[in-house]
Amino acid sequence: MAEVVIVPTPEDAATLVADAVIDLIRRKPRAVLGLATGSTPSPVYRAIAARINEVDASQVQGFALDEYAGLPASHPESYRAVITREVVEPMGLTPALVHVPRGDLAHLRTAGSDYEAQIHTAGGIDLQLLGIGGDGHIGFNEPGSSFASLTRVKTLTRQTREDNARFFSSIDEVPSHSVTQGLGTILRARHLVMLAFGAAKAPVVQAAIEGPLTASVPASVVQMHPHVTIVLDEAAASQLRNADYYRDAYANKPTWQGL
Ligand code: F6R
């Protein structure tokens with residue numbers, strides 16, 4: 001079962017996850033991080049950046065979860081640009097070691113298989129950060145995505161495009177397609193850390209953690225992974241039926257286990 005950790009604020013969540021990431025880099029200087037974009041992981045990236053001097057991060061490798069298709073990498077909202085701005089620069093990572101799927105139209109046909117090969121060459125992802133979309137997506141694996149899917153082109157749902165319109169001047173500017181790690185790719189990572197904040201995420205968080213395993217809620221695939229940590233603020237956890245049990249389990253967990 002996933003470990004569900006409920007904390008008062010997103011900043012508390014960020015502190016907890018930053019601890020785990022710094023500890024991983026200390027143990028494994030060539031650690032491979034799976035990097036989500038969107039609003040949710042931003043406090044985590046800030047918390048890691050604030051402590052990055054405690055470790056040598058020069059050999060850390062990174063793999064973004066996804067990229068918009070057809071948006072030039074130079075566009076400020078391309079995930080290449082976001083990862084550079086929020087992760088590579090503040091953490092002082094080596095740019096050549098941080099990868100983002102190729103969303104340019106000339107490479108779409110092979111972008112997925114190329115990315116899978118890069119992840120394989122890097123030795124697989126040690127810790128994969130995940131947010132969750134309002135429709136239950138992780139990466140851009142929209143409802144109905146195969147649990148066995150690998151990195152590939154996906155069409156975005158209307159809801160995802162509406163949700164992400166806040167990063168653009170209008171919904172018409174939000175690309176209709178993406179290149180995303182598949183659910184099968186995500187399942188291969190050694191540790192999944194999923195974050196969700198705010199009351200708007202509460203229903204989908206409940207469905208993903210406590211509902212049936214179903215491609216209609218792609219994030220429910222985390223129920224199949226042997227090492228998952230789900231870090232929620234109180235608002236995002238507010239519809240969980242077994243919240244008391246999760247709180248108990250976490251409060252009584254041996255400290256040596258870490259996250
Ligand atoms: C981003 C990603 C998406 C987001 C999700 C939640 O790389 O893969 O799955 O994690 O759309 O987005 P926010 O965090 O903006 O609510």
# chains A, B, ... in the order shown; residues from 1 in each chain; ligands from 1

call {"tool": "residues_near_ligand", "arguments": {"ligand": "ligand 1", "cutoff": "6 Å", "atoms": "only C-alpha atoms and all ligand atoms", "output": "PyMOL selection string"}}
result
chain A and resi 36-40+65-66+130-133+137-140

call {"tool": "residues_around", "arguments": {"residues": "segment 102-110 of chain A", "least_positions_apart": "3", "cutoff": "6 Å", "atoms": "only C-alpha atoms", "output": "count of residues only"}}
result
6

call {"tool": "residues_around", "arguments": {"residues": "segment 147-150 of chain A", "least_positions_apart": "4", "cutoff": "10 Å", "atoms": "only C-alpha atoms", "output": "list in words"}}
result
Gly112, Ser113, Tyr115, Glu116, Asn141, Thr180, Gln181, Gly182, Leu183, Gly184, Thr185, Ile186, Leu187, Leu213, Thr214, Ala215, Pro218, Ala219, Ser220, Val221 and Met224 of chain A

call {"tool": "write_last_selection", "arguments": {"atoms": "C-alpha atoms", "output": "PDB file, in the first residue's frame"}}
result
ATOM      1  CA  GLY A 112       9.121   8.245 -27.169  1.00  0.00           C
ATOM      2  CA  SER A 113      11.494   5.409 -27.983  1.00  0.00           C
ATOM      3  CA  TYR A 115      13.465   8.869 -24.355  1.00  0.00           C
ATOM      4  CA  GLU A 116      12.953   5.319 -23.116  1.00  0.00           C
ATOM      5  CA  ASN A 141      -1.482  10.049 -19.227  1.00  0.00           C
ATOM      6  CA  THR A 180       4.734  11.893 -21.930  1.00  0.00           C
ATOM      7  CA  GLN A 181       6.346   9.100 -19.980  1.00  0.00           C
ATOM      8  CA  GLY A 182       3.820   6.270 -19.948  1.00  0.00           C
ATOM      9  CA  LEU A 183       2.237   4.683 -16.897  1.00  0.00           C
ATOM     10  CA  GLY A 184       4.494   1.677 -17.520  1.00  0.00           C
ATOM     11  CA  THR A 185       7.524   4.002 -17.587  1.00  0.00           C
ATOM     12  CA  ILE A 186       6.455   5.582 -14.304  1.00  0.00           C
ATOM     13  CA  LEU A 187       5.954   2.144 -12.713  1.00  0.00           C
ATOM     14  CA  LEU A 213      -7.550   0.398  -9.892  1.00  0.00           C
ATOM     15  CA  THR A 214      -8.787   1.781 -13.198  1.00  0.00           C
ATOM     16  CA  ALA A 215      -7.390   3.371 -16.323  1.00  0.00           C
ATOM     17  CA  PRO A 218      -4.628   6.880 -14.343  1.00  0.00           C
ATOM     18  CA  ALA A 219      -3.071   7.906 -11.008  1.00  0.00           C
ATOM     19  CA  SER A 220      -4.646   4.806  -9.420  1.00  0.00           C
ATOM     20  CA  VAL A 221      -1.753   2.918 -11.067  1.00  0.00           C
ATOM     21  CA  MET A 224       0.515  -1.299  -8.190  1.00  0.00           C
TER      22      MET A 224
END

call {"tool": "closest_residue", "arguments": {"among": "A:Val100, A:Leu232, A:Val87, A:Leu93", "to": "Arg247 of chain A", "atoms": "only C-alpha atoms"}}
result
A:Leu232

call {"tool": "select_by_dssp", "arguments": {"residues": "segment 5-125 of chain A", "states": "alpha helix (DSSP H)", "output": "MDAnalysis selection string"}}
result
chainID A and resid 10:27 42:51 79:83 89:91 108:121

call {"tool": "residues_around", "arguments": {"residues": "Leu195 of chain A", "least_positions_apart": "2", "cutoff": "10 Å", "atoms": "only C-alpha atoms", "output": "VMD selection string"}}
result
chain A and resid 4 to 5 10 13 to 14 17 40 to 41 44 129 to 132 192 to 193 197 205 229 to 233 236

call {"tool": "write_last_selection", "arguments": {"atoms": "N, CA, C and O atoms", "output": "short mmCIF file (atom, residue, chain, number, x, y, z; two decimals), in the first residue's frame"}}
result
data_model
loop_
_atom_site.label_atom_id
_atom_site.label_comp_id
_atom_site.auth_asym_id
_atom_site.auth_seq_id
_atom_site.Cartn_x
_atom_site.Cartn_y
_atom_site.Cartn_z
N VAL A 4 0.75 7.18 2.88
CA VAL A 4 0.09 8.48 2.73
C VAL A 4 0.51 9.36 3.90
O VAL A 4 0.29 9.00 5.05
N VAL A 5 1.12 10.48 3.58
CA VAL A 5 1.62 11.39 4.62
C VAL A 5 0.83 12.69 4.52
O VAL A 5 0.82 13.33 3.46
N PRO A 10 1.78 22.96 2.10
CA PRO A 10 2.68 22.56 1.01
C PRO A 10 4.15 22.75 1.39
O PRO A 10 5.01 21.97 0.98
N ALA A 13 5.29 19.78 3.24
CA ALA A 13 5.50 18.68 2.28
C ALA A 13 6.84 18.86 1.58
O ALA A 13 7.60 17.90 1.40
N ALA A 14 7.12 20.10 1.19
CA ALA A 14 8.36 20.38 0.47
C ALA A 14 9.58 20.04 1.33
O ALA A 14 10.55 19.45 0.84
N VAL A 17 10.01 16.18 1.40
CA VAL A 17 10.47 15.59 0.14
C VAL A 17 11.90 16.06 -0.16
O VAL A 17 12.73 15.27 -0.64
N THR A 40 2.45 22.16 -8.57
CA THR A 40 2.60 21.39 -7.33
C THR A 40 4.05 21.22 -6.87
O THR A 40 4.34 21.44 -5.69
N PRO A 41 4.98 20.83 -7.76
CA PRO A 41 6.32 20.55 -7.24
C PRO A 41 7.17 21.81 -6.98
O PRO A 41 8.26 21.68 -6.40
N VAL A 44 8.76 22.20 -3.63
CA VAL A 44 9.77 21.14 -3.41
C VAL A 44 11.08 21.55 -4.07
O VAL A 44 12.16 21.44 -3.46
N LEU A 129 9.11 12.27 -9.01
CA LEU A 129 8.11 13.20 -8.44
C LEU A 129 6.91 13.23 -9.37
O LEU A 129 7.05 13.26 -10.60
N LEU A 130 5.72 13.27 -8.77
CA LEU A 130 4.48 13.29 -9.56
C LEU A 130 3.50 14.30 -8.97
O LEU A 130 3.37 14.38 -7.74
N GLY A 131 2.82 15.04 -9.83
CA GLY A 131 1.63 15.77 -9.42
C GLY A 131 0.44 14.95 -9.91
O GLY A 131 0.60 13.87 -10.49
N ILE A 132 -0.75 15.44 -9.71
CA ILE A 132 -1.93 14.73 -10.23
C ILE A 132 -2.88 15.75 -10.85
O ILE A 132 -3.15 16.81 -10.25
N LEU A 192 8.20 6.25 -6.11
CA LEU A 192 7.28 7.28 -6.60
C LEU A 192 6.89 8.20 -5.44
O LEU A 192 6.51 7.72 -4.38
N VAL A 193 7.00 9.49 -5.67
CA VAL A 193 6.58 10.47 -4.66
C VAL A 193 5.53 11.36 -5.31
O VAL A 193 5.84 12.19 -6.18
N PHE A 197 -1.93 19.25 -3.44
CA PHE A 197 -2.28 20.30 -2.49
C PHE A 197 -3.61 20.95 -2.89
O PHE A 197 -3.90 21.11 -4.08
N VAL A 205 -7.75 12.70 -5.56
CA VAL A 205 -6.79 12.05 -4.66
C VAL A 205 -7.47 10.86 -3.99
O VAL A 205 -6.91 9.76 -3.91
N THR A 229 5.17 7.04 -2.02
CA THR A 229 4.89 7.97 -0.93
C THR A 229 3.98 9.05 -1.49
O THR A 229 4.30 9.65 -2.51
N ILE A 230 2.85 9.26 -0.84
CA ILE A 230 1.91 10.29 -1.30
C ILE A 230 1.86 11.37 -0.22
O ILE A 230 1.51 11.08 0.94
N VAL A 231 2.27 12.57 -0.57
CA VAL A 231 2.34 13.64 0.43
C VAL A 231 1.27 14.68 0.10
O VAL A 231 1.25 15.24 -1.01
N LEU A 232 0.37 14.89 1.05
CA LEU A 232 -0.80 15.74 0.84
C LEU A 232 -0.87 16.81 1.91
O LEU A 232 -0.48 16.57 3.06
N ASP A 233 -1.43 17.97 1.56
CA ASP A 233 -1.78 18.90 2.63
C ASP A 233 -3.18 18.51 3.12
O ASP A 233 -3.85 17.64 2.54
N ALA A 236 -6.10 18.64 0.51
CA ALA A 236 -6.11 17.58 -0.51
C ALA A 236 -6.48 16.23 0.10
O ALA A 236 -6.98 15.34 -0.58
#

call {"tool": "closest_residue", "arguments": {"among": "A:Met194, A:Val55, A:His225, A:Asn242", "to": "Gly211 of chain A", "atoms": "only C-alpha atoms"}}
result
A:Asn242

call {"tool": "residues_around", "arguments": {"residues": "segment 166-169 of chain A", "least_positions_apart": "3", "cutoff": "12 Å", "atoms": "only C-alpha atoms", "output": "PyMOL selection string"}}
result
chain A and resi 37-39+71+75-79+82+160-163+172-175

call {"tool": "closest_residue", "arguments": {"among": "A:Leu35, A:Ala189, A:Ala18, A:Val153", "to": "Ile83 of chain A", "atoms": "only C-alpha atoms"}}
result
A:Leu35

call {"tool": "closest_residue", "arguments": {"among": "A:Arg85, A:Arg158, A:His227, A:Arg46", "to": "Leu127 of chain A", "atoms": "only C-alpha atoms"}}
result
A:His227

call {"tool": "decode", "arguments": {"residues": "segment 129-151 of chain A", "atoms": "C-alpha atoms", "output": "PDB file, in the first residue's frame"}}
result
ATOM      1  CA  LEU A 129       8.113  13.195  -8.444  1.00  0.00           C
ATOM      2  CA  LEU A 130       4.483  13.293  -9.556  1.00  0.00           C
ATOM      3  CA  GLY A 131       1.627  15.769  -9.421  1.00  0.00           C
ATOM      4  CA  ILE A 132      -1.934  14.726 -10.230  1.00  0.00           C
ATOM      5  CA  GLY A 133      -4.266  16.381 -12.721  1.00  0.00           C
ATOM      6  CA  GLY A 134      -7.900  17.212 -11.977  1.00  0.00           C
ATOM      7  CA  ASP A 135      -8.929  14.367 -14.307  1.00  0.00           C
ATOM      8  CA  GLY A 136      -6.619  11.889 -12.556  1.00  0.00           C
ATOM      9  CA  HIS A 137      -3.730  12.073 -15.011  1.00  0.00           C
ATOM     10  CA  ILE A 138      -0.101  11.629 -14.024  1.00  0.00           C
ATOM     11  CA  GLY A 139       2.415  12.830 -16.553  1.00  0.00           C
ATOM     12  CA  PHE A 140       0.031  13.538 -19.409  1.00  0.00           C
ATOM     13  CA  ASN A 141      -1.482  10.049 -19.227  1.00  0.00           C
ATOM     14  CA  GLU A 142      -5.086  11.019 -19.622  1.00  0.00           C
ATOM     15  CA  PRO A 143      -8.010   8.781 -18.544  1.00  0.00           C
ATOM     16  CA  GLY A 144      -7.981   5.531 -20.488  1.00  0.00           C
ATOM     17  CA  SER A 145      -4.182   5.380 -20.777  1.00  0.00           C
ATOM     18  CA  SER A 146      -2.790   1.860 -20.717  1.00  0.00           C
ATOM     19  CA  PHE A 147      -1.103   0.782 -17.501  1.00  0.00           C
ATOM     20  CA  ALA A 148       1.623  -0.714 -19.736  1.00  0.00           C
ATOM     21  CA  SER A 149       2.190   2.455 -21.789  1.00  0.00           C
ATOM     22  CA  LEU A 150       5.685   3.801 -22.422  1.00  0.00           C
ATOM     23  CA  THR A 151       6.773   7.296 -23.487  1.00  0.00           C
TER      24      THR A 151
END
